[in-house]
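Data from target.txt: compact mmCIF, C-alpha atoms and all ligand atoms
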# COMPACT_ATOMS: atom_id res chain seq x y z
CA MET M 487 85.11 82.99 115.20
CA ILE M 488 84.05 86.57 115.98
CA ILE M 489 85.74 88.07 119.05
CA LYS M 490 84.95 91.46 120.55
CA ASN M 491 86.64 91.18 123.89
CA ILE M 492 90.36 91.86 124.29
CA SER M 493 91.12 89.38 127.10
CA LYS M 494 89.26 86.62 125.28
CA LEU M 495 91.28 87.33 122.15
CA ARG M 496 94.53 87.30 124.13
CA LYS M 497 93.65 83.93 125.67
CA ILE M 498 92.93 82.31 122.33
CA ILE M 499 96.07 83.70 120.76
CA SER M 500 98.33 82.57 123.58
CA SER M 501 96.89 79.06 123.26
CA MET M 502 98.10 79.09 119.64
CA SER M 503 101.77 79.11 120.59
CA ASN M 504 102.57 76.44 117.99
CA LYS M 505 101.17 78.56 115.15
CA ILE M 506 102.53 81.55 113.31
CA ILE M 507 100.08 84.45 113.57
CA TYR M 508 99.23 86.55 110.51
CA TYR M 509 97.26 89.74 110.95
CA VAL M 510 95.31 91.85 108.44
CA PRO M 511 93.88 95.11 109.85
CA THR M 512 90.94 96.64 107.98
CA MET M 513 88.26 99.28 108.37
CA GLY M 514 85.69 96.99 106.74
CA ASN M 515 83.57 97.50 103.65
CA LEU M 516 85.68 94.69 102.29
CA HIS M 517 86.66 94.64 98.63
CA GLU M 518 89.01 92.58 96.48
CA GLY M 519 92.01 94.60 97.76
CA HIS M 520 91.35 93.39 101.31
CA LEU M 521 90.49 89.89 100.15
CA LYS M 522 93.78 89.51 98.30
CA LEU M 523 95.64 90.29 101.54
CA ILE M 524 93.53 87.75 103.42
CA LYS M 525 93.92 85.05 100.79
CA TYR M 526 97.67 85.65 100.69
CA ALA M 527 97.80 85.08 104.47
CA GLN M 528 95.69 81.97 104.20
CA GLU M 529 98.08 80.44 101.68
CA LYS M 530 100.56 80.23 104.57
CA ASP M 531 98.19 77.85 106.34
CA GLN M 532 98.86 79.26 109.78
CA PHE M 533 96.59 81.32 112.07
CA LEU M 534 94.90 84.43 110.71
CA VAL M 535 93.38 87.36 112.58
CA VAL M 536 91.45 89.99 110.61
CA SER M 537 90.19 93.08 112.42
CA ILE M 538 87.44 95.41 111.34
CA TYR M 539 87.45 98.78 113.02
CA VAL M 540 86.64 102.21 111.64
CA ASN M 541 89.23 104.10 113.62
CA PRO M 542 87.84 107.48 114.70
CA LEU M 543 91.32 108.76 115.65
CA GLN M 544 92.53 108.74 112.05
CA PHE M 545 89.79 110.94 110.58
CA ASP M 546 90.49 114.63 110.37
CA SER M 547 86.85 115.44 109.62
CA MET M 548 83.75 114.24 111.47
CA MET M 549 81.82 114.23 108.22
CA ASP M 550 84.35 111.86 106.62
CA TYR M 551 84.16 109.54 109.67
CA LYS M 552 80.36 109.49 109.66
CA ARG M 553 79.98 108.74 105.98
CA TYR M 554 82.75 106.11 105.81
CA PRO M 555 80.98 103.04 104.35
CA ARG M 556 80.06 100.46 106.99
CA THR M 557 78.82 97.08 105.77
CA ILE M 558 79.53 94.88 108.76
CA LYS M 559 76.91 92.17 108.10
CA ARG M 560 78.15 91.65 104.56
CA ASP M 561 81.80 91.75 105.70
CA LEU M 562 81.21 89.09 108.36
CA LYS M 563 79.52 86.83 105.84
CA ILE M 564 82.52 87.16 103.52
CA LEU M 565 85.06 86.47 106.26
CA GLU M 566 83.12 83.52 107.64
CA LYS M 567 82.85 82.04 104.17
CA LEU M 568 86.61 82.40 103.83
CA ASN M 569 87.08 80.60 107.16
CA VAL M 570 89.19 83.33 108.70
CA ASP M 571 90.30 82.00 112.10
CA ILE M 572 89.52 85.10 114.13
CA ILE M 573 87.55 88.18 113.19
CA PHE M 574 88.33 90.82 115.78
CA LEU M 575 85.71 93.53 116.20
CA PRO M 576 86.93 95.75 119.03
CA GLU M 577 84.26 97.09 121.32
CA ASN M 578 83.33 100.75 121.24
CA ASN M 579 85.62 101.71 124.11
CA PHE M 580 88.69 100.67 122.07
CA SER M 581 89.67 104.26 121.41
CA LYS M 582 87.18 106.16 123.56
CA ASP M 583 88.87 108.38 126.15
CA ASN M 584 92.23 107.57 124.60
CA LEU M 585 94.77 110.00 126.03
CA SER M 586 98.07 108.75 124.60
CA LYS M 587 98.99 109.59 121.03
CA LEU M 588 102.05 108.83 118.98
CA SER M 589 104.10 111.56 117.42
CA LEU M 590 105.93 110.36 114.33
CA GLY M 591 108.32 113.09 113.19
CA LYS M 592 109.39 113.90 109.68
CA ILE M 593 107.73 110.99 107.89
CA THR M 594 104.42 112.79 108.55
CA HIS M 595 105.63 116.15 107.27
CA LYS M 596 104.87 115.00 103.73
CA LEU M 597 101.93 113.90 101.56
CA CYS M 598 98.90 112.76 103.61
CA GLY M 599 100.69 113.84 106.80
CA LEU M 600 100.27 117.45 105.63
CA ASP M 601 97.04 116.93 103.78
CA ARG M 602 95.26 115.20 106.69
CA PRO M 603 96.67 116.64 109.94
CA GLY M 604 96.68 114.12 112.80
CA HIS M 605 95.77 111.23 110.48
CA PHE M 606 98.93 109.18 110.95
CA SER M 607 99.09 109.80 114.67
CA GLY M 608 95.61 108.24 114.81
CA VAL M 609 96.63 105.33 112.58
CA ALA M 610 99.79 104.69 114.62
CA THR M 611 98.03 104.86 117.97
CA ILE M 612 95.43 102.29 116.94
CA ILE M 613 97.82 99.95 115.16
CA LEU M 614 100.03 99.92 118.25
CA LYS M 615 97.02 98.80 120.31
CA PHE M 616 96.27 96.03 117.81
CA LEU M 617 99.88 94.85 117.62
CA ASN M 618 100.14 94.77 121.42
CA ILE M 619 96.99 92.73 121.79
CA ILE M 620 97.44 90.34 118.87
CA GLN M 621 101.26 90.08 118.92
CA PRO M 622 101.30 88.82 115.34
CA ASP M 623 104.39 87.39 113.66
CA PHE M 624 103.40 88.93 110.33
CA LEU M 625 101.39 92.03 109.53
CA ILE M 626 100.02 92.20 105.99
CA LEU M 627 99.53 95.65 104.48
CA GLY M 628 98.56 96.98 101.05
CA GLU M 629 100.83 99.21 99.01
CA LYS M 630 97.86 101.39 98.17
CA ASP M 631 98.44 103.11 101.52
CA TYR M 632 102.15 103.40 101.00
CA GLN M 633 102.92 106.17 103.49
CA GLN M 634 100.97 104.22 106.10
CA ILE M 635 103.34 101.28 105.57
CA LEU M 636 106.33 103.56 106.22
CA VAL M 637 104.71 104.93 109.37
CA ILE M 638 103.93 101.46 110.70
CA LYS M 639 107.44 100.21 109.92
CA GLN M 640 108.82 103.18 111.85
CA ILE M 641 106.74 102.32 114.93
CA ILE M 642 107.85 98.69 114.69
CA ARG M 643 111.49 99.82 114.55
CA ASP M 644 111.23 102.48 117.25
CA PHE M 645 109.39 100.29 119.75
CA PHE M 646 111.32 97.09 119.03
CA LEU M 647 108.20 95.17 118.05
CA LYS M 648 108.84 91.70 116.73
CA VAL M 649 106.29 91.69 113.93
CA LYS M 650 107.41 91.64 110.29
CA VAL M 651 105.57 93.60 107.61
CA LEU M 652 104.57 91.91 104.36
CA GLU M 653 103.63 94.41 101.64
CA ARG M 654 101.22 93.43 98.91
CA PRO M 655 100.57 95.18 95.57
CA THR M 656 97.63 97.48 94.96
CA VAL M 657 94.57 95.78 93.53
CA ARG M 658 92.80 97.81 90.81
CA ASP M 659 89.57 97.55 88.90
CA ARG M 660 89.80 96.79 85.20
CA ASN M 661 90.12 100.47 84.39
CA GLY M 662 93.05 100.93 86.73
CA LEU M 663 91.25 102.64 89.63
CA ALA M 664 92.78 101.47 92.91
CA LEU M 665 90.08 99.67 94.90
CA SER M 666 89.06 101.59 97.99
CA SER M 667 86.08 101.59 100.34
CA ARG M 668 85.66 105.25 99.45
CA ASN M 669 85.12 104.46 95.74
CA MET M 670 81.45 103.71 96.40
CA LEU M 671 81.03 107.34 97.47
CA ILE M 672 82.24 108.69 94.11
CA PRO M 673 79.31 110.05 92.09
CA ARG M 674 78.74 108.03 88.92
CA THR M 675 79.39 111.06 86.76
CA LYS M 676 82.90 111.31 88.22
CA LYS M 677 83.92 107.64 87.79
CA ASN M 678 85.76 108.33 84.50
CA ALA M 679 87.70 111.14 86.10
CA ALA M 680 88.75 108.86 88.96
CA GLU M 681 89.93 106.26 86.49
CA ASN M 682 92.16 108.86 84.92
CA ILE M 683 94.34 109.03 88.04
CA PHE M 684 96.18 105.80 87.31
CA ARG M 685 96.55 106.68 83.62
CA VAL M 686 98.32 109.87 84.61
CA LEU M 687 100.58 108.02 87.07
CA LYS M 688 101.56 105.65 84.27
CA SER M 689 102.23 108.55 81.88
CA ILE M 690 104.50 110.24 84.42
CA SER M 691 106.35 107.00 85.05
CA ARG M 692 106.77 106.46 81.31
CA GLU M 693 108.04 109.99 80.78
CA ILE M 694 110.59 109.60 83.56
CA ARG M 695 111.82 106.39 81.99
CA MET M 696 111.92 107.58 78.41
CA THR M 697 113.12 111.16 78.54
CA GLY M 698 113.41 112.32 82.12
CA LEU M 699 110.97 114.76 83.67
CA GLU M 700 111.38 118.24 85.01
CA LYS M 701 109.62 118.85 88.28
CA LYS M 702 107.61 121.74 86.87
CA LYS M 703 106.02 119.33 84.39
CA LEU M 704 104.04 117.95 87.33
CA GLU M 705 101.92 121.11 87.14
CA TYR M 706 100.93 120.08 83.60
CA TYR M 707 99.88 116.63 84.83
CA LYS M 708 97.89 118.19 87.69
CA LYS M 709 96.04 120.28 85.13
CA ILE M 710 95.25 117.19 83.04
CA ILE M 711 93.73 115.58 86.12
CA VAL M 712 91.66 118.62 87.05
CA ASP M 713 90.53 119.10 83.44
CA SER M 714 89.28 115.50 83.44
CA GLY M 715 86.72 116.42 86.11
CA ILE M 716 88.51 116.04 89.41
CA ASP M 717 87.91 118.90 91.86
CA LYS M 718 91.39 119.22 93.29
CA VAL M 719 94.81 117.59 93.30
CA ASN M 720 95.86 117.66 96.96
CA TYR M 721 99.38 116.58 96.03
CA LEU M 722 101.31 115.00 93.19
CA GLU M 723 104.91 114.26 94.11
CA ILE M 724 107.80 111.99 93.24
CA LEU M 725 109.77 110.96 96.30
CA ASN M 726 112.19 108.35 97.56
CA GLU M 727 109.99 105.42 98.55
CA ASN M 728 112.18 104.43 101.49
CA ASN M 729 111.92 107.67 103.46
CA LEU M 730 109.89 110.17 101.40
CA ASP M 731 112.97 112.33 100.92
CA GLU M 732 113.24 114.48 97.80
CA ILE M 733 114.98 112.56 95.04
CA GLY M 734 116.70 115.44 93.26
CA ASN M 735 118.44 113.96 90.26
CA ASN M 736 118.82 110.52 91.76
CA PRO M 737 116.08 108.30 90.38
CA THR M 738 116.79 105.30 92.60
CA ASN M 739 113.74 104.14 94.57
CA ALA M 740 111.46 106.78 93.11
CA ARG M 741 107.69 106.48 93.63
CA ILE M 742 104.92 108.78 92.42
CA PHE M 743 102.32 109.73 95.03
CA ILE M 744 98.97 111.37 94.42
CA SER M 745 95.92 112.49 96.40
CA VAL M 746 92.85 114.03 94.81
CA SER M 747 89.46 115.23 96.00
CA ILE M 748 86.26 114.39 94.15
CA SER M 749 83.00 115.73 95.57
CA GLY M 750 84.66 116.01 98.98
CA ILE M 751 86.04 112.44 98.84
CA LYS M 752 89.78 111.99 99.06
CA LEU M 753 91.37 109.26 96.95
CA ILE M 754 95.03 108.31 97.06
CA ASP M 755 97.22 106.22 94.80
CA ASN M 756 100.91 105.67 94.10
CA LEU M 757 103.15 103.98 91.55
CA LYS M 758 106.73 102.84 91.75
CA VAL M 759 108.85 104.20 88.91
CA SER M 760 110.21 101.25 87.03
CA LYS M 761 113.93 100.60 87.32
CA ARG M 762 114.51 100.94 83.58
CA ILE M 763 115.25 104.62 83.63
CA ASN M 764 116.92 106.60 80.88
CA LEU M 765 119.61 108.39 82.81
CA ARG M 766 121.30 109.80 79.70
CA SER M 767 118.77 112.60 79.59
CA GLY M 768 120.34 113.84 82.84
CA LYS M 769 117.10 115.47 83.92
CA PHE M 770 115.23 112.84 85.84
CA ILE M 771 113.85 115.47 88.13
CA SER M 772 115.25 118.94 88.23
CA CYS M 773 113.88 121.49 90.63
P1 LIG O 1 91.48 99.96 104.94
O1 LIG O 1 90.31 99.07 105.22
O2 LIG O 1 91.25 100.91 103.84
O3 LIG O 1 92.04 100.58 106.20
O4 LIG O 1 92.64 99.00 104.42
C1 LIG O 1 93.06 97.87 105.13
C2 LIG O 1 94.27 97.28 104.44
O5 LIG O 1 93.92 96.92 103.11
C3 LIG O 1 95.45 98.26 104.36
O6 LIG O 1 96.66 97.55 104.52
C4 LIG O 1 95.32 98.77 102.95
O7 LIG O 1 96.54 99.24 102.40
C5 LIG O 1 94.84 97.53 102.22
N1 LIG O 1 94.18 97.91 100.96
C6 LIG O 1 93.16 98.79 100.81
N2 LIG O 1 92.87 98.91 99.49
C7 LIG O 1 93.72 98.11 98.82
C8 LIG O 1 93.94 97.81 97.44
N3 LIG O 1 93.22 98.35 96.47
N4 LIG O 1 94.92 96.94 97.11
C9 LIG O 1 95.70 96.37 98.07
N5 LIG O 1 95.54 96.60 99.40
C10 LIG O 1 94.57 97.47 99.76
Would you mind writing the structure in this file as structure tokens?
Ligand code: AMP
Amino acid sequence: MIIKNISKLRKIISSMSNKIIYYVPTMGNLHEGHLKLIKYAQEKDQFLVVSIYVNPLQFDSMMDYKRYPRTIKRDLKILEKLNVDIIFLPENNFSKDNLSKLSLGKITHKLCGLDRPGHFSGVATIILKFLNIIQPDFLILGEKDYQQILVIKQIIRDFFLKVKVLERPTVRDRNGLALSSRNMLIPRTKKNAAENIFRVLKSISREIRMTGLEKKKLEYYKKIIVDSGIDKVNYLEILNENNLDEIGNNPTNARIFISVSISGIKLIDNLKVSKRINLRSGKFISC
């Protein structure tokens, strides 16, 4: 069932008091990454809400917002075929004239928080609206947007929300490129370069495990990426995945994060560093 109206959605959800509510937020242009989250929720055989909303508050550039792929007819067909219980399409006034914004502190002083000023405040503001309206028991999020998961968990903690986050692994194409709605904007001549991103993440992870890695070596990996045809590496960092703190020489919970620009399109990816780390080298990361 497609619902656009907030009070109607609230009514239906409150009549479902005997069901556990799962919620998958999306910006549409659905791909296998989204569908895996949806299918995972459906395995629970409870009540599933999927929203489609291209959130204007999270774009730091009007051009990026305007060209974000919108394929609503196709998306609705897919979701209806999957028998999703509720497809929530908020009306246009959902974020229009919005005055309140969330400020998130140090978690946004890193990675995409620096690279896309205001982005996470926009994400947090909208997700708080959705969580208030839907009041889900479980929120299903993809690891592809790893910093976004941390931001949302912080809001849940800070505002004593009852929802629990379920994180799902990144879905990739057969060449390793993380699926993303933005991939369809990548010029064909740059596809190979984009596929190189994950190869480099794996090489870094392997090097950390096998021999240790000095932080300055990241400059070498950035150069490999740029030489493969990518316009710019916005960041390439290895941080503690729980709080995005620097890891120094302590490899526990390390995750590699990357953002690149190709023809004005930003792509992000990340990879957890496997636990089998060779600590004898004593130089996991040295600054
Ligand atoms: P988006 O439509 O890009 O806002 O993404 C909606 C949800 O799908 C977020 O939780 C994303 O992390 C998740 N998602 C997007 N791409 C992927 C992917 N390749 N694999 C797994 N989850 C994804």
Go through segment 624-728 of chain M residue by residue and, counting all atoms listed in the file, keep those with an atom at most 7 Å from segment 512-530 of chain M; for each kept residue give the shortest atom pair and its distance in Å to one decimal, ordered by chain and increasing number, as JSON lines.
{"residue": "M:Ile626", "atom": "CA", "partner": "M:Leu523", "partner_atom": "CA", "distance": 6.5}
{"residue": "M:Arg654", "atom": "CA", "partner": "M:Leu523", "partner_atom": "CA", "distance": 6.9}
{"residue": "M:Thr656", "atom": "CA", "partner": "M:Gly519", "partner_atom": "CA", "distance": 6.9}
{"residue": "M:Val657", "atom": "CA", "partner": "M:Gly519", "partner_atom": "CA", "distance": 5.1}
{"residue": "M:Leu665", "atom": "CA", "partner": "M:Gly519", "partner_atom": "CA", "distance": 6.1}
{"residue": "M:Ser667", "atom": "CA", "partner": "M:Asn515", "partner_atom": "CA", "distance": 5.8}
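Of the listed residues (M:Val712, M:Val649, M:Leu534, M:Leu663), M:Leu663 comes nearest to ligand LIG 1 (chain O); the distances count only C-alpha atoms and all ligand atoms.
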For this session: Rounded to one decimal place, report the atom CA of Gly698 of chain M-atom CA of Leu730 of chain M distance in Å.
Result: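 Between atom CA of Gly698 of chain M and atom CA of Leu730 of chain M the gap is 19.7 Å.
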Exercise. Looking at all atoms listed in the file, which of M:Lys596, M:Arg602, M:Arg692, M:Arg658 is the one that sits closest to Asp731 of chain M?
Worked result: M:Lys596
Exercise. Given the choices M:Tyr554, M:Phe616, M:Phe645, M:Tyr721, which gets closest to ligand LIG 1 (chain O) if the distance is worked out from only C-alpha atoms and all ligand atoms?
Worked result: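 Smallest distance to ligand LIG 1 (chain O) is found for M:Tyr554.
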Problem set entry | Contact residues around Ile488 of chain M with only C-alpha atoms at 7 Å, ignoring same-chain residues under 5 positions, as a PyMOL selection string | chain M and resi 572-574
For this session: Tell me which protein, DNA and RNA residues are within 8 Å of Ile619 of chain M, counting only C-alpha atoms, leaving out same-chain ones fewer than 6 positions away, and put them as a ChimeraX atom specification.
Result: /M:492,495-496
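The shortest atom-to-atom distance to ligand LIG 1 (chain O), with all atoms listed in the file taken into account, belongs to M:Gln634 out of M:Thr697, M:Gln532, M:Gln634, M:Ser547.
In terms of minimum interatomic distance to ligand LIG 1 (chain O), M:Lys630 ranks closest within M:Lys630, M:Arg668, M:Arg685, M:Lys650, counting only C-alpha atoms and all ligand atoms.
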